[in-house]
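Trainee: Got a structure here, written out as structure tokens. Questions coming.
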Amino acid sequence: MTRTIQGIGLSVKRLQMRHHRALNLGLGPLGVTLVQWDALRHLDENPSASLHDLALLTFQSDQSFGTLAGRMIQRGLIERVPGPGRAVHHRLTAKGTALRRAGDAIVERVLRESFAPLAPAELAQFDELLSRVLGKSGDSAGLGGQ
């Protein structure tokens with residue numbers, strides 16, 4: 001018997017929250033939260049993205065991402081660089097790049113452990129089903145990336 005659609009939606013949220021908690025715990029010793037690591041990841045993967053685009057990619061408001069970027073600049077993780085015209089872009093510093101890379105290994109470990117109960121074919125099927133539910137863009141921001 002299939003569960004209700006609400007039950008399935010709740011399970012998706014529970015999985016998200018389990019990942020969020022485990023990733024924050026794993027990233028903590030690096031002195032970074034999941035939100036901060038995700039910002040570093042998206043800055044690294046989208047070097048010409050505007051602050052607005054980065055806010056969308058990280059599920060934040062423009063104001064929240066601007067505040068986060070300011071804190072990350074103070075910590076020496078990112079820097080502002082001039083873009084075309086009056087645009088300003090952000091990029092990772094060497095310290096930010098090292099932190100992002102160290103976080104990558106932790107994120108990989110946590111997610112592998114979480115999805116370990118699935119056989120490789122089941123994980124591939126899960127990915128296909130999620131992609132179908134999310135639609136062509138693969139994310140709610142419609143900006144691509146992961």
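FYI, nothing fancy with the structure tokens labels: chains A, B, ... in order, residues from 1 per chain, ligands from 1 as they appear.
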Just the strand (DSSP E or B) stuff from chain A, please, per backbone DSSP, written as a PyMOL selection string.
Mentor: chain A and resi 78-82+88-92
Trainee: How about saving the chosen residues, C-alpha atoms kept, as an mmCIF file, in the first residue's frame?
Mentor:
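The resulting file, again22.cif, is shown below:
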data_model
loop_
_atom_site.group_PDB
_atom_site.id
_atom_site.type_symbol
_atom_site.label_atom_id
_atom_site.label_comp_id
_atom_site.auth_asym_id
_atom_site.auth_seq_id
_atom_site.Cartn_x
_atom_site.Cartn_y
_atom_site.Cartn_z
ATOM 1 C CA ILE A 78 35.831 35.102 -0.264
ATOM 2 C CA GLU A 79 36.689 38.429 -1.839
ATOM 3 C CA ARG A 80 34.896 40.966 -3.999
ATOM 4 C CA VAL A 81 36.207 41.467 -7.517
ATOM 5 C CA PRO A 82 35.090 43.965 -10.149
ATOM 6 C CA VAL A 88 30.741 43.207 -8.427
ATOM 7 C CA HIS A 89 31.388 39.490 -8.241
ATOM 8 C CA HIS A 90 32.765 37.305 -5.503
ATOM 9 C CA ARG A 91 35.376 34.584 -5.619
ATOM 10 C CA LEU A 92 36.953 32.189 -3.187
#
Trainee: For Arg101 (chain A), list every protein, DNA or RNA residue within 12 Å, evaluated using only C-alpha atoms, and leave out those in the same chain fewer than 5 positions away; present the list as a list in words.
Mentor: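 Within the cut-off, the hits are Leu27, Leu30, Trp37, Asp38, Leu40, Arg41, Asp44, Leu92, Ala94, Lys95, Gly96, Ile106, Val107 and Glu108 of chain A.
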Trainee: Export N, CA and C atoms of the chosen residues as a compact mmCIF listing (two decimals), in the first residue's frame?
Mentor:
# COMPACT_ATOMS: atom_id res chain seq x y z
N LEU A 27 30.77 19.21 9.44
CA LEU A 27 31.51 20.40 9.01
C LEU A 27 31.95 21.26 10.19
N LEU A 30 35.54 22.09 11.07
CA LEU A 30 36.23 22.98 10.13
C LEU A 30 35.90 24.45 10.41
N TRP A 37 29.36 26.38 3.76
CA TRP A 37 30.04 25.50 2.81
C TRP A 37 29.31 25.51 1.47
N ASP A 38 27.98 25.49 1.51
CA ASP A 38 27.19 25.51 0.28
C ASP A 38 27.43 26.80 -0.50
N LEU A 40 30.22 28.54 -0.44
CA LEU A 40 31.55 28.38 -1.03
C LEU A 40 31.47 27.49 -2.27
N ARG A 41 30.72 26.42 -2.18
CA ARG A 41 30.58 25.50 -3.32
C ARG A 41 29.99 26.20 -4.52
N ASP A 44 32.28 28.75 -6.08
CA ASP A 44 33.33 28.07 -6.83
C ASP A 44 32.80 27.55 -8.16
N LEU A 92 36.32 32.81 -4.34
CA LEU A 92 36.95 32.19 -3.19
C LEU A 92 38.41 32.63 -3.08
N ALA A 94 42.22 31.62 -1.32
CA ALA A 94 42.91 30.34 -1.11
C ALA A 94 42.36 29.65 0.14
N LYS A 95 42.11 30.44 1.19
CA LYS A 95 41.56 29.88 2.43
C LYS A 95 40.16 29.31 2.19
N GLY A 96 39.34 30.04 1.42
CA GLY A 96 37.99 29.57 1.11
C GLY A 96 38.01 28.31 0.26
N ILE A 106 33.90 15.67 3.62
CA ILE A 106 32.93 15.41 4.69
C ILE A 106 31.54 15.21 4.12
N VAL A 107 31.15 16.07 3.19
CA VAL A 107 29.83 15.96 2.57
C VAL A 107 29.71 14.63 1.84
N GLU A 108 30.74 14.26 1.12
CA GLU A 108 30.74 12.98 0.40
C GLU A 108 30.54 11.81 1.36
Trainee: Could you pull out the helix (DSSP H, G or I) residues of chain A from DSSP and send them as an NGL selection string?
Mentor: :A and (5-30 or 34-45 or 51-57 or 62-74 or 94-115 or 120-134)
Trainee: Could those selected residues go to a file with C-alpha atoms, as a tab-separated table (two decimals), in the first residue's frame?
Mentor:
chain	number	residue	atom	x	y	z
A	5	ILE	CA	1.34	12.09	-0.75
A	6	GLN	CA	1.70	14.08	2.48
A	7	GLY	CA	3.53	11.17	4.08
A	8	ILE	CA	5.90	10.94	1.13
A	9	GLY	CA	6.49	14.71	1.23
A	10	LEU	CA	7.21	14.50	4.95
A	11	SER	CA	9.75	11.73	4.34
A	12	VAL	CA	11.54	13.93	1.81
A	13	LYS	CA	11.69	16.70	4.42
A	14	ARG	CA	12.92	14.27	7.10
A	15	LEU	CA	15.72	13.10	4.82
A	16	GLN	CA	16.67	16.71	4.12
A	17	MET	CA	16.74	17.51	7.84
A	18	ARG	CA	18.78	14.39	8.62
A	19	HIS	CA	21.32	15.45	6.01
A	20	HIS	CA	21.34	19.04	7.29
A	21	ARG	CA	22.01	17.97	10.89
A	22	ALA	CA	24.66	15.39	9.96
A	23	LEU	CA	26.43	17.80	7.61
A	24	ASN	CA	26.48	20.62	10.16
A	25	LEU	CA	27.90	18.18	12.71
A	26	GLY	CA	30.53	16.94	10.25
A	27	LEU	CA	31.51	20.40	9.01
A	28	GLY	CA	31.61	21.91	12.52
A	29	PRO	CA	35.24	21.00	13.24
A	30	LEU	CA	36.23	22.98	10.13
A	34	LEU	CA	26.41	23.70	5.84
A	35	VAL	CA	25.02	27.05	4.66
A	36	GLN	CA	28.53	28.55	4.54
A	37	TRP	CA	30.04	25.50	2.81
A	38	ASP	CA	27.19	25.51	0.28
A	39	ALA	CA	27.86	29.18	-0.46
A	40	LEU	CA	31.55	28.38	-1.03
A	41	ARG	CA	30.58	25.50	-3.32
A	42	HIS	CA	28.23	27.60	-5.42
A	43	LEU	CA	30.68	30.50	-5.63
A	44	ASP	CA	33.33	28.07	-6.83
A	45	GLU	CA	31.02	26.42	-9.38
A	51	LEU	CA	24.58	37.81	-5.62
A	52	HIS	CA	20.94	37.32	-6.60
A	53	ASP	CA	21.75	34.11	-8.50
A	54	LEU	CA	23.84	32.84	-5.59
A	55	ALA	CA	21.00	33.61	-3.19
A	56	LEU	CA	18.65	31.51	-5.35
A	57	LEU	CA	21.15	28.65	-5.60
A	62	ASP	CA	19.22	38.39	-1.51
A	63	GLN	CA	19.59	40.19	1.82
A	64	SER	CA	20.50	37.00	3.70
A	65	PHE	CA	23.08	36.01	1.12
A	66	GLY	CA	24.55	39.52	1.14
A	67	THR	CA	24.93	39.32	4.92
A	68	LEU	CA	26.51	35.86	4.63
A	69	ALA	CA	28.90	37.09	1.92
A	70	GLY	CA	29.93	40.00	4.15
A	71	ARG	CA	30.75	37.63	7.01
A	72	MET	CA	32.69	35.34	4.69
A	73	ILE	CA	34.69	38.32	3.40
A	74	GLN	CA	35.55	39.25	7.00
A	94	ALA	CA	42.91	30.34	-1.11
A	95	LYS	CA	41.56	29.88	2.43
A	96	GLY	CA	37.99	29.57	1.11
A	97	THR	CA	39.07	27.07	-1.55
A	98	ALA	CA	40.87	24.92	1.03
A	99	LEU	CA	37.83	25.00	3.30
A	100	ARG	CA	35.50	24.10	0.45
A	101	ARG	CA	37.71	21.14	-0.54
A	102	ALA	CA	37.97	19.87	3.04
A	103	GLY	CA	34.19	20.15	3.32
A	104	ASP	CA	33.73	18.20	0.07
A	105	ALA	CA	35.22	15.10	1.67
A	106	ILE	CA	32.93	15.41	4.69
A	107	VAL	CA	29.83	15.96	2.57
A	108	GLU	CA	30.74	12.98	0.40
A	109	ARG	CA	31.18	10.74	3.46
A	110	VAL	CA	27.92	11.84	5.12
A	111	LEU	CA	25.87	11.37	1.97
A	112	ARG	CA	27.45	8.00	1.15
A	113	GLU	CA	26.57	6.79	4.65
A	114	SER	CA	23.02	8.10	4.31
A	115	PHE	CA	22.39	6.40	1.00
A	120	PRO	CA	23.78	1.28	-6.87
A	121	ALA	CA	20.85	0.54	-9.22
A	122	GLU	CA	18.37	1.76	-6.58
A	123	LEU	CA	20.37	4.95	-6.06
A	124	ALA	CA	20.37	5.54	-9.83
A	125	GLN	CA	16.61	4.98	-9.90
A	126	PHE	CA	16.14	7.34	-6.92
A	127	ASP	CA	18.15	9.98	-8.79
A	128	GLU	CA	16.02	9.49	-11.91
A	129	LEU	CA	12.79	9.81	-9.93
A	130	LEU	CA	13.98	12.96	-8.15
A	131	SER	CA	15.04	14.46	-11.47
A	132	ARG	CA	11.63	13.72	-12.93
A	133	VAL	CA	9.82	15.28	-9.96
A	134	LEU	CA	12.06	18.38	-10.04
Trainee: Hey, can you check how far CA of Gly76 (chain A) sits from CA of Gly31 (chain A)?
Mentor: 12.9 Å
Trainee: Suppose you want the space between CA of Ser61 (chain A) and CA of Ala49 (chain A); what is it in Å?
Mentor: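 Separation of CA of Ser61 (chain A) and CA of Ala49 (chain A): 14.9 Å.
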Trainee: To one decimal place, how far is CA of Arg86 (chain A) from CA of Gln60 (chain A) in Å?
Mentor: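 Result for CA of Arg86 (chain A) versus CA of Gln60 (chain A): 23.4 Å, one decimal.
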